[in-house]
Structures are given as structure tokens and as C-alpha cells.
Amino acid sequence: MKTIFSFLALFMVTSFAFSQTEPAGTVTINVAGNRNKQIVVNNQNYTINNTSVNQKQVVVVNNMVNGQHPLEIVRLNNNNRTTTTRTSFTLREGYDLNITINQNGSVSSTEKRIVNTTSGVKRPISTAVYNKVYAATKAKTTSASRTSFLETEFANTSKMYTSSQASKLIQLVNTESLRLRLAKQVYTQITDRQNFSLVVSLLNSTANRTELNNYTALLDEENDEDDEDVVGIVPITNERFKTIYNEVSAENIINDRNYYLINFFSKDYNYYTSSQVSQLIQLTTLEAERFNLAKTAYRGVIDRENYSQVYQLLRNSSNRADLLAYINSYNNTNVRTAMTAAEFNKIYQSASYQTSTTGRYNSINTALTTIGNYFTAAQAKQLIQLVNSESSRLALSKTAYKVLTDRANYALLNELLNSTASKNDFNNYVSTFNNIYDNGAGIVMSDVEYNKLLKSVSDTWSPTTRFKIVTEAFQSGTNFFTVYQVRQLLLLLNSENDKFNMAKSSYDNIVDRNNFSQLYDLFPTAANRDALVRFAADMENGGSVVVRTPMSESDYNSLLRNLQFTFGIGAKMSALTKIFNEETNYFTVEQTKRLIEMVSAESNRLELAKLSYNNLTDPLNFTQIYDVLASQASKDELADYISKNSYTNN
């Protein structure tokens with residue numbers, strides 16, 4: 001395990017050290033309020049000097065390479081104690097990123113496409129960057145290590161090479177088969193393919209040269225097909241969007257604005273993102289006009305899975321329901337088209353060339369989250385199979401579901417998951433997603449609006465006023481929440497009785513009621529827990545809800561004794577894995593810690609810590625589990641896993 005983390009650390013250092021600065025993006029971090037004291041990006045500290053709640057400080061980090069980056073937030077909690085939150089963000093190729101850290105510690109982000117000033121011309125890395133890559137490659141002592149390093153460099157799609165540069169780098173590897181592999185990988189990033197014979201000549205075998213020539217010819221043919229396929233389905237550029245936005249804004253008469261937008265959205269050659277639609281529709285004020293524009297615009301949206309941000313513009317719940325019905329009908333008759341086999345093969349190949357688990361995960365996640373990419377369930381399954389981690393497969397399956405063209409076949413993704421807990425988690429996610437986006441019951445409150453509500457409650461010191469604000473929020477027939485959002489609001493209430501009444505009051509406003517049981521552990525009193533269970537069952541007309549009750553002390557002690565007398569290499573680890581995979585076994589954090597401490601290997605403890613999360617009855621105390629881990633790297637990996645797979649965040 002130490003070797004793996006050493007490799008990951010080296011991978012991150014070398015990636016940052018030799019990244020080309022020309023295509024890198026800019027990350028702008030807006031930090032609000034006086035509770036946030038410091039942020040750390042890629043181990044670089046930035047001190048926040050805000051002295052009041054309303055102050056904001058902007059941190060700009062230039063020339064950041066594409067990919068995932070760690071972010072730490074050091075802040076004061078309500079008791080003026082310093083706490084550190086660890087998370088991460090992903091900078092996509094061709095985008096700048098804006099991150100907002102609010103006074104209450106919540107984080108949100110938006111992307112902005114980088115305007116291409118080079119008219120699409122591919123530029124190779126500079127001589128200085130090339131010399132650094134060459135020296136770093138040459139410093140490796142074996143062909144295998146040099147190959148591994150170059151594969152990582154070539155996997156960075158923001159870097160382009162001349163045939164001469166690629167030839168000299170690959171020449172540092174002596175093994176013929178490895179040269180062939182590197183030559184195939186780098187071809188898509190060559191700026192002067194007419195000179196690629198310089199790379200082909202590095203191969204001594206006629207068979208290998210023929211294989212490489214056939215491979216590049218096939219790629220060239222696929223690229224020609226792709227150029228034909230994408231005509232007419234590319235969203236308008238940022239510059240074009242700004243022009244349209246300014247022209248609409250210049251119209252002083254509302255009817256003229258509406259006429260302009262109806263005309264624009266109706267043109268079958270105009271395509272745009274959900275974000276662009278939302279911004280344009282907000283230039284109108286009447287509910288009826290917004291409703292008609294939202295329906296008209298849907299035709300040209302290339303990221304339908306993000307259209308919920310347009311729903312939020314409608315205040316009338318009836319209009320929201322009608323819009324959902326219209327969209328469902330439209331989707332049934334205008335099915336999204338999955339990418340071609342040629343396009344998919346390029347994505348699959350790019351992911352499979354990654355040499356690290358993190359690299360493969362990031363490559364697949366980027367493909368699944370790129371606007372305009374749609375997949376069949378079979379295609380998504382092929383991609384996700386490239387990673388072995390259960391948690392990574394679960395996270396990617398959730399991401400993939402949004403962009404499937406045949407969601408009825410989502411069970412193919414379930415086949416990738418081994419544990420019952422993971423399968424149930426994924427099924428619950430699908431059910432929640434369908435409830436939120438397909439059944440017309442209501443669209444969950446946007447992050448912006450929810451954060452405003454959360455802040456208004458947290459900034460109020462009077463328990464009575466807090467209760468009043470939450471009560472009004474749940475009494476509104478147009479406010480809809482996820483269970484996680486409700487949970488965060490209830491945590492701000494002091495009285496258990498107030499929490500109990502608000503939990504019941506929130507029921508009609510919840511869009512993912514199948515997760516309602518995640519509120520039960522907020523109530524230490526068994527009578528309140530039982531009453532809430534009965535209430536939920538009554539609301540579901542006789543349905544049943546499972547309460548997470550920890551294993552009794554006698555049963556737990558018996559289990560502990562059996563494990564203590566379990567001997568043999570890996571026997572305890574195997575037994576504990578089975579225990580935590582049993583979905584009816586529930587433990588407190590304290591009980592879980594004692595179980596995990598029965599194995600000594602750091603890697604086994606980390607795996608069990610991840611596995612145990614869904615068995616906890618008091619997940620809010622999960623931070624105590626970190627005590628069983630010795631290395632900071634293991635603690636960071638566990639924190640990252642929990643942030644992505646926390647059952648309270650589904």
C-alpha cells in the first residue's frame with residue numbers, strides 16, 4: 001500500500017512539474033465570510049483575511065493543469081474551533097473554473113469555456129517543456145519505468161507533440177513492443193501527422209510497422225467520419241451567446257424579448273446548453289412566457305440531464321408539472337442518440353491506456369460528464385469495467401445513469417457491483433433520480449436557493465426564529481427538498497421535539513422519500529424514532545421502513561469473541577468483510593472501531609473503514625474511525641471516499 005501511495009504522489013508531482021502552461025486553465029476561488037480562515041490548493045496555502053460576514057476575498061490560481069486537484073478549507077465552527085474540510089475539484093480541458101466557498105462552509109462551482117484564440121490550430125509543447133519531459137524520461141533507469149512515465153505524459157490530452165518530439169522521446173525506450181504501444185498512444189496528439197514516419201521508423205519489425213500504419217489509417221478514417229457527424233450539434237460559442245444575450249437585453253419591450261427568444265429557440269440549427277437557456281429565459285419576467293420558452297428551448301438543448309436548472313425559473317407548481325410532462329413526452333419521441341462505435345472506441349482506448357486507477361477513473365468520469373456525450377448501457381458498462389474498485393464503479397454508475405440513452409437497461413451497470421450494499425445504493429439512486437426528474441412531483445430546490453435558506457437559519461441565534469423559518473419553508477407548496485437537504489436543516493434545530501415535528505412536516509416536500517429513514521438517527525429518543533417510522537409507514541399506506549438499530553451488546557460481544565478465536569492468514573479480514581457486507585448488521589462507530597482494530601494491515605483497515613460506512617447507526621461520528629489509520633494518505637483516501645459515497649448525500 002505504501003508503494004501505491006508513493007507512486008500516486010510521484011504521479012501528481014511529475015504531472016504538475018511537466019504540464020504545459022499554454023492550454024492550462026484558471027481557477028478562481030471566491031471565499032465569503034469571516035469563518036473561512038485558509039484554503040489549500042495543491043499544497044499551496046492561501047490566507048483569508050475577511051473580517052466580517054459580508055466580506056469576500058478572491059483567490060486566483062493560474063496555469064492549473066487539467067484533472068483532479070485537492071482542496072482544503074480551514075474554518076471556525078460555531079464554537080470557534082478550527083476544523084478542516086478536505087474535498088477536491090476537477091478542471092476540465094478547455095474550461096476555467098469558478099469555486100464559491102460560502103460563509104457556512106458549503107461549496108459550489110461553475111465552469112466557463114476558454115475562448116479559443118488559435119482558430120483550432122494544434123500547437124505542440126514548447127521546447128522548454130519538451131526538454132523537461134525528455135530529461136525526466138531519461139532519468140528513469142528501465143524501459144518499463146520510462147514507458148510508464150511517457151504513458152502518463154501522453155495521457156494528458158492538453159499536450160501536443162511534433163513527430164520529431166515524439167520520436168526522440170519514444171527512442172529512449174528500447175523494447176520494440178513498448179515502442180509500438182507508445183506510438184499508438186501518442187498519434188492522436190501529433191500536430192504534423194504527415195511526418196509521423198519519423199516515429200514509424202523506430203520499429204525494426206515489418207509486422208509492427210504495418211500494424212502501426214494500419215492503426216493510424218483507421219484513426220484518420222474515424223476522424224473524418226467524426227467531422228461529418230458533429231456538424232450542426234455543437235452548442236453556440238460563448239461569443240455568440242454573449243451577442244444574443246446583449247441583443248435581447250437591449251430590447252426594452254418585454255414582448256419583443258419574448259419574440260426574439262421564441263424565434264431563436266425555434267431554429268433547428270441552433271443548439272445550446274441548459275445554462276445558456278436559463279440565462280436567456282431570465283431576461284423575461286412573466287410566468288407564462290417563461291413556461292412557453294422553456295418548452296420551446298428544450299428541442300436544442302444538448303445536456304438534457306441538466307435541464308432542472310430551467311425548472312427552477314417557474315414559480316407555479318402546475319407549470320413545473322406541465323413542463324415535466326412535456327419533456328417526458330418529447331424524450332419518448334425524440335430519443336437521444338448514443339455516440340458512434342468509432343467515437344466510443346476512442347474514449348475506451350484513451351481510458352484503457354491510463355496506467356493508474358486514478359487516471360482511469362478521471363478519464364472515464366470526464367467522458368461521462370462531457371456535455372453532448374451519450375452512451376448505451378452496454379457502452380457505459382464496458383468503460384466502468386476498466387476500474388476495479390467497488391466504490392469507483394458505484395460512483396461512475398451513478399454518473400453514467402444520467403447520460404444513458406436506454407435507461408431501461410440500467411441493470412447492466414448493477415452487474416458490475418459485488419456487494420448488496422452497493423447494489424441497493426445504486427438502485428436507490430436510480431429511484432431518486434427518476435422521482436426528481438421524471439414523475440412531476442416537484443423539482444428539488446436549487447443549490448443557490450437552498451444555501452440562502454440554510455444561511456438564513458444558521459445566521460439566526462434564536463431557536464424560536466430558526467424553528468419559524470424552517471416551518472415556513474416546509475409549509476410552502478412550491479419548495480421541494482432531498483432528504484439530505486432536510487437533514488441539514490433539522491440539524492440546526494436544538495430541540496428534539498422541534499426536529500420531530502419538522503421531520504413530519506417535511507414529508508410532503510421530499511422528492512426522495514425512499515431515503516426518509518436517513519432522518520431517524522437524528523433522534524436519540526427511541527419513542528420519537530418509532531413514532532417517525534410509524535408516521536412514514538402510514539404515509540406510504542402500509543409500507544414498512546427499516547430502522548438502523550445497533551447490534552445489542554450481548555450479540556456484539558459474542559461476535560467479538562468469535563473473531564478473537566478466528567485464526568489463519570486473512571481469516572479475520574475475510575470474516576469482517578462478510579460481517580460488513582451483511583446489510584442487516586448495524587453498529588455504532590465505537591463498535592466498528594473495535595472490529596477494524598482486529599486487523600493490523602493499514603490497507604485492510606482502510607478497506608474495512610470504507611465498507612463499514614453503510615452499517616453505521618451514527619454516521620455523524622464517523623470521523624472517529626480515522627483514529628484506526630496511521631498514515632495521512634490513508635485518512636485522505638477515506639475522506640475522499642466518504643465525500644463521494646456518503647449515504648446521507650445520495
# chains A, B, ... in the order shown; residues from 1 in each chain; ligands from 1
>>> residues_around(residues="segment 102-105 of chain A", least_positions_apart="6", cutoff="9 Å", atoms="only C-alpha atoms", output="tab-separated table (two decimals) with N, CA and C atoms, in the first residue's frame")
chain	number	residue	atom	x	y	z
A	30	ASN	N	-13.82	32.16	-4.80
A	30	ASN	CA	-14.44	33.27	-4.07
A	30	ASN	C	-14.79	32.80	-2.67
A	31	VAL	N	-14.12	33.38	-1.67
A	31	VAL	CA	-14.30	32.95	-0.29
A	31	VAL	C	-15.09	34.01	0.46
A	32	ALA	N	-16.25	33.63	1.00
A	32	ALA	CA	-17.14	34.57	1.67
A	32	ALA	C	-17.11	34.39	3.18
A	33	GLY	N	-17.28	35.50	3.91
A	33	GLY	CA	-17.46	35.45	5.35
A	33	GLY	C	-16.17	35.35	6.14
A	34	ASN	N	-16.30	35.52	7.44
A	34	ASN	CA	-15.13	35.57	8.31
A	34	ASN	C	-14.86	34.26	9.05
A	35	ARG	N	-15.60	33.20	8.74
A	35	ARG	CA	-15.32	31.91	9.37
A	35	ARG	C	-14.28	31.10	8.59
A	36	ASN	N	-14.17	31.35	7.30
A	36	ASN	CA	-13.18	30.67	6.47
A	36	ASN	C	-11.84	31.39	6.62
A	53	VAL	N	-18.98	39.12	8.02
A	53	VAL	CA	-19.79	38.12	7.33
A	53	VAL	C	-19.96	38.46	5.86
A	54	ASN	N	-20.04	39.74	5.53
A	54	ASN	CA	-20.33	40.16	4.16
A	54	ASN	C	-19.10	40.33	3.29
A	73	ILE	N	-10.26	23.34	3.22
A	73	ILE	CA	-10.84	24.57	3.75
A	73	ILE	C	-10.68	24.54	5.27
A	75	ARG	N	-11.57	26.42	8.66
A	75	ARG	CA	-12.54	27.42	9.09
A	75	ARG	C	-12.89	27.25	10.58
A	77	ASN	N	-15.78	26.77	13.40
A	77	ASN	CA	-17.17	26.33	13.51
A	77	ASN	C	-17.92	27.24	14.48
A	85	THR	N	-11.90	20.84	6.27
A	85	THR	CA	-12.70	20.05	5.34
A	85	THR	C	-11.86	19.76	4.11
A	451	ASN	N	-28.92	27.13	-0.31
A	451	ASN	CA	-27.86	27.72	0.51
A	451	ASN	C	-28.29	29.03	1.15
A	454	LEU	N	-30.46	27.89	4.08
A	454	LEU	CA	-29.61	27.32	5.12
A	454	LEU	C	-28.88	28.43	5.87
A	455	LYS	N	-28.38	29.40	5.14
A	455	LYS	CA	-27.66	30.52	5.75
A	455	LYS	C	-28.59	31.35	6.63
A	458	SER	N	-28.94	29.35	9.86
A	458	SER	CA	-27.71	29.26	10.66
A	458	SER	C	-27.27	30.61	11.22
A	459	ASP	N	-27.62	31.70	10.51
A	459	ASP	CA	-27.23	33.03	10.98
A	459	ASP	C	-28.16	33.56	12.07
>>> residues_around(residues="Thr47 of chain A", least_positions_apart="5", cutoff="7 Å", atoms="only C-alpha atoms", output="ChimeraX atom specification")
/A:37-39
>>> write_last_selection(atoms="N, CA and C atoms", output="PDB file, in the first residue's frame")
ATOM      1  N   LYS A  37     -10.845  30.703   7.161  1.00  0.00           N
ATOM      2  CA  LYS A  37      -9.581  31.336   7.507  1.00  0.00           C
ATOM      3  C   LYS A  37      -8.438  31.008   6.555  1.00  0.00           C
ATOM      4  N   GLN A  38      -8.515  29.870   5.883  1.00  0.00           N
ATOM      5  CA  GLN A  38      -7.419  29.477   4.991  1.00  0.00           C
ATOM      6  C   GLN A  38      -7.919  28.427   4.010  1.00  0.00           C
ATOM      7  N   ILE A  39      -7.416  28.480   2.781  1.00  0.00           N
ATOM      8  CA  ILE A  39      -7.656  27.403   1.828  1.00  0.00           C
ATOM      9  C   ILE A  39      -6.315  26.886   1.340  1.00  0.00           C
TER      10      ILE A  39
END
>>> closest_atom_pairs(of="segment 310-376 of chain A", to="segment 386-401 of chain A", cutoff="7 Å", atoms="only C-alpha atoms", output="JSON lines")
{"residue": "A:Ser352", "atom": "CA", "partner": "A:Leu386", "partner_atom": "CA", "distance": 6.7}
{"residue": "A:Thr357", "atom": "CA", "partner": "A:Val387", "partner_atom": "CA", "distance": 6.5}
{"residue": "A:Arg360", "atom": "CA", "partner": "A:Val387", "partner_atom": "CA", "distance": 6.8}
{"residue": "A:Tyr361", "atom": "CA", "partner": "A:Val387", "partner_atom": "CA", "distance": 6.7}
{"residue": "A:Asn365", "atom": "CA", "partner": "A:Leu396", "partner_atom": "CA", "distance": 6.6}
{"residue": "A:Leu368", "atom": "CA", "partner": "A:Ala400", "partner_atom": "CA", "distance": 5.9}
>>> write_last_selection(atoms="C-alpha atoms", output="CSV table (one decimal), in the first residue's frame")
chain,number,residue,atom,x,y,z
A,352,SER,CA,-7.5,1.9,-21.1
A,357,THR,CA,-6.5,3.6,-11.1
A,360,ARG,CA,-8.6,5.6,-15.5
A,361,TYR,CA,-11.3,6.9,-13.2
A,365,ASN,CA,-15.6,10.4,-15.4
A,368,LEU,CA,-19.4,10.7,-18.8
>>> atom_distance(atom1="atom CA of Leu169 of chain A", atom2="atom CA of Thr366 of chain A")
27.1 Å
>>> residues_around(residues="segment 615-627 of chain A", least_positions_apart="4", cutoff="7 Å", atoms="only C-alpha atoms", output="compact mmCIF listing (two decimals) with C-alpha atoms, in the first residue's frame")
# COMPACT_ATOMS: atom_id res chain seq x y z
CA ASP A 521 -30.62 8.74 13.65
CA ARG A 548 -30.95 1.31 11.88
CA THR A 549 -30.61 -0.19 15.36
CA PRO A 550 -27.11 -1.11 16.52
CA PHE A 580 -19.96 -5.56 7.00
CA GLU A 583 -27.00 -5.28 5.23
CA ASN A 585 -25.75 -5.76 10.65
CA TYR A 586 -25.67 -2.30 12.22
CA PHE A 587 -23.04 -0.93 14.59
CA THR A 588 -22.15 2.24 16.40
CA VAL A 589 -18.90 3.94 15.43
CA LYS A 593 -13.60 0.84 15.56
CA LYS A 635 -7.04 9.17 6.04
>>> residues_around(residues="Asn409 of chain A", least_positions_apart="6", cutoff="12 Å", atoms="only C-alpha atoms", output="MDAnalysis selection string")
chainID A and resid 375:381 401 415 430
>>> write_last_selection(atoms="C-alpha atoms", output="compact mmCIF listing (two decimals), in the first residue's frame")
# COMPACT_ATOMS: atom_id res chain seq x y z
CA PHE A 375 -23.98 6.22 -24.08
CA THR A 376 -25.88 2.98 -24.23
CA ALA A 377 -25.89 0.97 -21.00
CA ALA A 378 -23.62 -1.58 -22.71
CA GLN A 379 -21.08 1.12 -23.63
CA ALA A 380 -21.11 2.54 -20.11
CA LYS A 381 -20.59 -0.93 -18.67
CA TYR A 401 -27.13 6.82 -15.49
CA GLU A 415 -23.99 -6.32 -12.61
CA VAL A 430 -31.89 5.49 -9.81
>>> select_by_dssp(residues="segment 567-643 of chain A", states="alpha helix (DSSP H)", output="number ranges by chain")
A: 571-581, 589-596, 602-612, 632-643
>>> write_last_selection(atoms="C-alpha atoms", output="compact mmCIF listing (two decimals), in the first residue's frame")
# COMPACT_ATOMS: atom_id res chain seq x y z
CA ALA A 571 -9.17 -15.15 8.12
CA LYS A 572 -10.17 -12.17 10.27
CA MET A 573 -10.24 -9.89 7.24
CA SER A 574 -12.47 -12.32 5.38
CA ALA A 575 -14.83 -12.67 8.35
CA LEU A 576 -15.09 -8.91 8.89
CA THR A 577 -15.75 -8.33 5.20
CA LYS A 578 -18.70 -10.72 5.36
CA ILE A 579 -19.99 -9.04 8.52
CA PHE A 580 -19.96 -5.56 7.00
CA ASN A 581 -21.44 -6.80 3.73
CA VAL A 589 -18.90 3.94 15.43
CA GLU A 590 -17.32 2.77 18.69
CA GLN A 591 -18.28 -0.85 17.96
CA THR A 592 -16.96 -0.52 14.40
CA LYS A 593 -13.60 0.84 15.56
CA ARG A 594 -13.03 -2.18 17.81
CA LEU A 595 -13.83 -4.54 14.94
CA ILE A 596 -11.50 -2.81 12.47
CA GLU A 602 -3.17 -0.46 7.09
CA SER A 603 -4.61 -1.44 3.69
CA ASN A 604 -7.09 -3.86 5.32
CA ARG A 605 -8.16 -1.27 7.88
CA LEU A 606 -8.77 1.27 5.13
CA GLU A 607 -10.87 -1.20 3.13
CA LEU A 608 -12.95 -2.14 6.18
CA ALA A 609 -13.44 1.51 7.13
CA LYS A 610 -14.91 2.17 3.68
CA LEU A 611 -17.03 -0.97 3.79
CA SER A 612 -18.42 -0.26 7.26
CA GLN A 632 -2.31 10.71 6.42
CA ALA A 633 -2.58 9.30 2.88
CA SER A 634 -4.99 6.61 4.11
CA LYS A 635 -7.04 9.17 6.04
CA ASP A 636 -7.25 11.41 2.97
CA GLU A 637 -8.34 8.49 0.77
CA LEU A 638 -11.04 7.55 3.29
CA ALA A 639 -12.26 11.16 3.50
CA ASP A 640 -12.46 11.34 -0.30
CA TYR A 641 -14.36 8.05 -0.43
CA ILE A 642 -16.90 9.15 2.19
CA SER A 643 -17.45 12.52 0.48
>>> residues_around(residues="Ser506 of chain A", least_positions_apart="4", cutoff="9 Å", atoms="only C-alpha atoms", output="VMD selection string")
chain A and resid 471 473 to 475 480 to 481 483 486 501 to 502 510
>>> closest_residue(among="A:Ala135, A:Ala144, A:Val186, A:Ala297", to="Lys159 of chain A", atoms="only C-alpha atoms")
A:Val186
>>> atom_distance(atom1="atom CA of Ser88 of chain A", atom2="atom CA of His69 of chain A")
5.5 Å
>>> residues_around(residues="Thr370 of chain A", least_positions_apart="6", cutoff="12 Å", atoms="only C-alpha atoms", output="list in words")
Leu91, Arg92, Glu93, Gly94, Tyr95, Glu111, Thr273, Ile302, Asp303, Glu305, Asn306, Ile347, Asn362, Ser363, Ile364, Thr399, Ala400, Lys402 and Val403 of chain A
>>> write_last_selection(atoms="C-alpha atoms", output="mmCIF file, in the first residue's frame")
data_model
loop_
_atom_site.group_PDB
_atom_site.id
_atom_site.type_symbol
_atom_site.label_atom_id
_atom_site.label_comp_id
_atom_site.auth_asym_id
_atom_site.auth_seq_id
_atom_site.Cartn_x
_atom_site.Cartn_y
_atom_site.Cartn_z
ATOM 1 C CA LEU A 91 -10.583 21.184 -14.015
ATOM 2 C CA ARG A 92 -11.731 20.109 -17.466
ATOM 3 C CA GLU A 93 -9.795 20.721 -20.640
ATOM 4 C CA GLY A 94 -10.893 23.924 -22.321
ATOM 5 C CA TYR A 95 -12.583 25.383 -19.228
ATOM 6 C CA GLU A 111 -17.379 26.358 -15.431
ATOM 7 C CA THR A 273 -26.603 24.301 -23.066
ATOM 8 C CA ILE A 302 -27.503 19.264 -25.728
ATOM 9 C CA ASP A 303 -27.350 18.460 -21.997
ATOM 10 C CA GLU A 305 -29.796 15.901 -17.885
ATOM 11 C CA ASN A 306 -29.026 19.429 -16.586
ATOM 12 C CA ILE A 347 -12.804 7.079 -25.448
ATOM 13 C CA ASN A 362 -10.684 10.513 -14.159
ATOM 14 C CA SER A 363 -10.623 9.644 -17.861
ATOM 15 C CA ILE A 364 -13.959 7.784 -17.662
ATOM 16 C CA THR A 399 -22.774 9.442 -13.166
ATOM 17 C CA ALA A 400 -23.429 7.261 -16.227
ATOM 18 C CA LYS A 402 -27.802 10.481 -16.273
ATOM 19 C CA VAL A 403 -26.475 10.138 -19.836
#
>>> closest_residue(among="A:Thr157, A:Asn514, A:Thr87, A:Pro463", to="Asn494 of chain A", atoms="only C-alpha atoms")
A:Pro463
>>> closest_atom_pairs(of="segment 82-178 of chain A", to="segment 198-201 of chain A", cutoff="12 Å", atoms="only C-alpha atoms", output="Markdown table")
| residue | atom | partner | partner_atom | distance |
| --- | --- | --- | --- | --- |
| A:Tyr161 | CA | A:Val199 | CA | 11.7 |
| A:Thr162 | CA | A:Leu198 | CA | 10.0 |
| A:Ser163 | CA | A:Leu198 | CA | 6.3 |
| A:Ser164 | CA | A:Leu198 | CA | 6.6 |
| A:Gln165 | CA | A:Val199 | CA | 9.4 |
| A:Ala166 | CA | A:Val199 | CA | 7.0 |
| A:Ser167 | CA | A:Val199 | CA | 4.8 |
| A:Lys168 | CA | A:Val199 | CA | 8.5 |
| A:Leu169 | CA | A:Val199 | CA | 9.8 |
| A:Ile170 | CA | A:Val199 | CA | 7.9 |
| A:Gln171 | CA | A:Val199 | CA | 8.6 |
| A:Glu176 | CA | A:Val200 | CA | 11.3 |
>>> closest_residue(among="A:Val173, A:Gln55, A:Leu76, A:Ile99", to="Ser143 of chain A", atoms="only C-alpha atoms")
A:Val173
